[in-house]
Amino acid sequence: MRTRNADKEQLVKQTAIDMIVKSGLEGFSMNKLAKACKISVATLYIYYKDRDDLILNIAMESGKLMSDAVIKNFDPELPFEDGLRQQWKNRYKFMVEHPKLNLFFEQLRSSSYQEEFLSGFLQEFKIVMSRFMQNVMERGEVAEMAFETYWSIAFSPLYSLARFDNEGKSMGGKPFKLTDDVLWNTFDLVVKALKK
Amino acid sequence: MTENFNHILLFKTNVNCAGDKLLLQTIFDSNPAIEQWSVDLEDEDCVLRIVSYSLTHQQIIELLNKHGYNCCELT
């Protein structure tokens, strides 16, 4: 009788993410994954129907993890600066704790899994985030603007810094390590740009 | 956590195109003993996965052989 083993399941998920981050989705296969985990292919097929099922399951679970982390202790009724600060804290903490997951999400972004992935975990997340944006605009703290403009200014700088940090270098190969000073200095500039 | 997975039957096959899959559909969909089935055409072993509480590996192998496919238990 085969049995379900939580440690093994965790190993499978972690290894799959590592492999996809390292070599992309194209070369990823159940066979390679089984070999890397030192388990039989049959064991993988016990847990998952096929390659798509495995990738989507791991994607949904990771997405849920992120969405929960990002909305933790976040109240969409908060004043703009406080709310955005909590967002940066949560997102930054998540990136530090799960450095591979952002790269994994990047891989999904350009794949056929993206649509299903987004429709799965994003519901509550989307509601909370858009509520916050609506609130700050209704209160006149932030000028009316397209959602994409708002998002790009509010969060893209954070993701750029995280990417530099992850790669250990910034433009032109200059060594870079993200410090709290740089992070919160950038945050202040973002607030300045958005706040009326 | 211990769960019984004896109802999940796994096979290595030579089912490798959408046409083959369609044929499997006609064979399996009409079989009340099969709860669920799927075949991973992207895998090098073309793994066939069947959920059935009553059928055995041997019965599935014979069924596929009868339709001209190679099929053996994936271990």
# chains A, B, ... in the order shown; residues from 1 in each chain; ligands from 1
$ interface_residues --of "chain A" --to "chain B" --cutoff "12 Å" --atoms "only C-alpha atoms" --output "tab-separated table (two decimals) with N, CA and C atoms, in the first residue's frame"
chain	number	residue	atom	x	y	z
A	1	MET	N	0.84	-1.20	0.00
A	1	MET	CA	0.00	0.00	0.00
A	1	MET	C	0.88	1.25	0.00
A	2	ARG	N	0.57	2.17	-0.87
A	2	ARG	CA	1.30	3.43	-0.88
A	2	ARG	C	0.70	4.34	0.18
A	3	THR	N	1.51	5.15	0.78
A	3	THR	CA	0.98	6.08	1.78
A	3	THR	C	1.40	7.50	1.45
A	4	ARG	N	0.58	8.41	1.91
A	4	ARG	CA	0.87	9.81	1.70
A	4	ARG	C	1.88	10.27	2.76
A	5	ASN	N	2.87	10.96	2.32
A	5	ASN	CA	3.93	11.38	3.23
A	5	ASN	C	4.12	12.89	3.08
A	6	ALA	N	3.80	13.59	4.17
A	6	ALA	CA	3.81	15.06	4.10
A	6	ALA	C	5.20	15.61	3.78
A	7	ASP	N	6.23	14.98	4.34
A	7	ASP	CA	7.60	15.45	4.07
A	7	ASP	C	7.94	15.30	2.60
A	8	LYS	N	7.54	14.16	2.07
A	8	LYS	CA	7.83	13.88	0.66
A	8	LYS	C	7.08	14.88	-0.23
A	9	GLU	N	5.85	15.16	0.14
A	9	GLU	CA	5.05	16.12	-0.64
A	9	GLU	C	5.72	17.49	-0.65
A	26	GLU	N	9.78	24.98	-19.66
A	26	GLU	CA	9.87	24.15	-20.86
A	26	GLU	C	10.53	22.78	-20.63
A	27	GLY	N	11.68	22.83	-19.95
A	27	GLY	CA	12.39	21.57	-19.77
A	27	GLY	C	11.91	20.76	-18.59
A	28	PHE	N	10.91	21.28	-17.89
A	28	PHE	CA	10.47	20.63	-16.67
A	28	PHE	C	9.60	19.40	-16.97
A	29	SER	N	9.95	18.27	-16.39
A	29	SER	CA	9.10	17.09	-16.61
A	29	SER	C	8.96	16.29	-15.32
A	30	MET	N	7.94	15.44	-15.30
A	30	MET	CA	7.68	14.60	-14.14
A	30	MET	C	8.87	13.67	-13.90
A	31	ASN	N	9.46	13.19	-14.99
A	31	ASN	CA	10.60	12.28	-14.86
A	31	ASN	C	11.78	12.95	-14.18
A	32	LYS	N	12.09	14.16	-14.67
A	32	LYS	CA	13.22	14.89	-14.08
A	32	LYS	C	12.95	15.20	-12.62
A	33	LEU	N	11.71	15.59	-12.34
A	33	LEU	CA	11.35	15.93	-10.96
A	33	LEU	C	11.50	14.71	-10.05
A	39	ILE	N	12.57	9.85	-5.97
A	39	ILE	CA	11.36	9.03	-5.75
A	39	ILE	C	10.95	8.47	-7.10
A	40	SER	N	10.03	7.53	-7.10
A	40	SER	CA	9.62	6.96	-8.38
A	40	SER	C	8.60	7.87	-9.06
A	41	VAL	N	8.59	7.80	-10.38
A	41	VAL	CA	7.62	8.61	-11.12
A	41	VAL	C	6.20	8.26	-10.68
A	42	ALA	N	6.01	6.99	-10.38
A	42	ALA	CA	4.67	6.54	-9.97
A	42	ALA	C	4.19	7.30	-8.73
A	43	THR	N	5.10	7.57	-7.81
A	43	THR	CA	4.71	8.31	-6.60
A	43	THR	C	4.17	9.69	-6.97
A	44	LEU	N	4.83	10.32	-7.93
A	44	LEU	CA	4.36	11.65	-8.36
A	44	LEU	C	2.95	11.58	-8.93
A	45	TYR	N	2.72	10.54	-9.71
A	45	TYR	CA	1.40	10.40	-10.34
A	45	TYR	C	0.31	9.98	-9.36
A	46	ILE	N	0.72	9.55	-8.19
A	46	ILE	CA	-0.28	9.30	-7.14
A	46	ILE	C	-0.84	10.64	-6.69
A	47	TYR	N	0.06	11.59	-6.50
A	47	TYR	CA	-0.36	12.90	-5.99
A	47	TYR	C	-0.98	13.78	-7.07
A	48	TYR	N	-0.45	13.69	-8.27
A	48	TYR	CA	-0.88	14.60	-9.34
A	48	TYR	C	-1.24	13.84	-10.61
A	49	LYS	N	-2.26	14.35	-11.28
A	49	LYS	CA	-2.75	13.70	-12.51
A	49	LYS	C	-1.71	13.75	-13.61
A	50	ASP	N	-1.13	14.91	-13.80
A	50	ASP	CA	-0.12	15.07	-14.84
A	50	ASP	C	0.71	16.31	-14.54
A	51	ARG	N	1.58	16.64	-15.48
A	51	ARG	CA	2.48	17.77	-15.29
A	51	ARG	C	1.72	19.08	-15.05
A	52	ASP	N	0.68	19.29	-15.85
A	52	ASP	CA	-0.11	20.52	-15.71
A	52	ASP	C	-0.75	20.60	-14.32
A	53	ASP	N	-1.29	19.47	-13.89
A	53	ASP	CA	-1.97	19.40	-12.61
A	53	ASP	C	-0.98	19.74	-11.48
A	54	LEU	N	0.22	19.21	-11.61
A	54	LEU	CA	1.26	19.46	-10.60
A	54	LEU	C	1.64	20.95	-10.56
$ select_by_dssp --residues "chain A" --states "strand (DSSP E or B)" --output "list in words"
Val142, Lys169, Pro175 and Lys195 of chain A
$ write_last_selection --atoms "C-alpha atoms" --output "tab-separated table (two decimals), in the first residue's frame"
chain	number	residue	atom	x	y	z
A	142	VAL	CA	-4.14	60.35	-3.84
A	169	LYS	CA	23.92	43.47	-8.43
A	175	PRO	CA	27.23	44.98	-6.43
A	195	LYS	CA	0.34	61.69	-2.17
$ residues_around --residues "Leu24 in chain B" --least-positions-apart "4" --cutoff "9 Å" --atoms "only C-alpha atoms" --output "number ranges by chain"
B: 15, 19-20, 28-29, 64
$ residues_around --residues "Met95 in chain A" --least-positions-apart "3" --cutoff "10 Å" --atoms "only C-alpha atoms" --output "PyMOL selection string"
chain A and resi 66+89-92+98-103+159+162-163+166
$ select_by_dssp --residues "range 52-114 of chain A" --states "helix (DSSP H, G or I)" --output "VMD selection string"
chain A and resid 52 to 71 80 to 97 99 to 109 114
$ atom_distance --atom1 "CA of Leu25 in chain A" --atom2 "CA of Phe105 in chain A"
11.3 Å
$ residues_around --residues "Gln134 in chain A" --least-positions-apart "6" --cutoff "12 Å" --atoms "only C-alpha atoms" --output "NGL selection string"
:A and (76-80 or 126-128 or 140-147 or 150)
$ residues_around --residues "Ala33 in chain B" --least-positions-apart "4" --cutoff "7 Å" --atoms "only C-alpha atoms" --output "PyMOL selection string"
chain B and resi 52+54-55
$ residues_around --residues "Val70 in chain A" --least-positions-apart "5" --cutoff "9 Å" --atoms "only C-alpha atoms" --output "PyMOL selection string"
chain A and resi 65+86-91+93-94+125
$ closest_residue --among "A:Glu97, A:Glu116, A:Glu148, A:Asp180" --to "Leu161 in chain A" --atoms "only C-alpha atoms"
A:Asp180
$ atom_distance --atom1 "CA of Ile153 in chain A" --atom2 "CA of Asp188 in chain A"
11.9 Å
$ decode --residues "range 58-75 of chain B" --atoms "C-alpha atoms" --output "PDB file, in the first residue's frame"
ATOM      1  CA  GLN B  58      -4.003  -6.678 -15.324  1.00  0.00           C
ATOM      2  CA  GLN B  59      -7.538  -5.930 -16.533  1.00  0.00           C
ATOM      3  CA  ILE B  60      -6.521  -2.498 -17.808  1.00  0.00           C
ATOM      4  CA  ILE B  61      -3.411  -3.891 -19.500  1.00  0.00           C
ATOM      5  CA  GLU B  62      -5.507  -6.501 -21.306  1.00  0.00           C
ATOM      6  CA  LEU B  63      -8.027  -3.857 -22.330  1.00  0.00           C
ATOM      7  CA  LEU B  64      -5.339  -1.655 -23.856  1.00  0.00           C
ATOM      8  CA  ASN B  65      -3.510  -4.544 -25.484  1.00  0.00           C
ATOM      9  CA  LYS B  66      -6.776  -5.554 -27.132  1.00  0.00           C
ATOM     10  CA  HIS B  67      -6.879  -2.121 -28.793  1.00  0.00           C
ATOM     11  CA  GLY B  68      -3.287  -2.428 -29.945  1.00  0.00           C
ATOM     12  CA  TYR B  69      -1.491  -0.391 -27.290  1.00  0.00           C
ATOM     13  CA  ASN B  70       1.474  -1.325 -25.181  1.00  0.00           C
ATOM     14  CA  CYS B  71       0.833  -0.886 -21.534  1.00  0.00           C
ATOM     15  CA  CYS B  72       2.609  -1.955 -18.364  1.00  0.00           C
ATOM     16  CA  GLU B  73       2.339  -1.063 -14.732  1.00  0.00           C
ATOM     17  CA  LEU B  74       4.347   1.993 -13.729  1.00  0.00           C
ATOM     18  CA  THR B  75       6.318   1.238 -10.612  1.00  0.00           C
TER      19      THR B  75
END
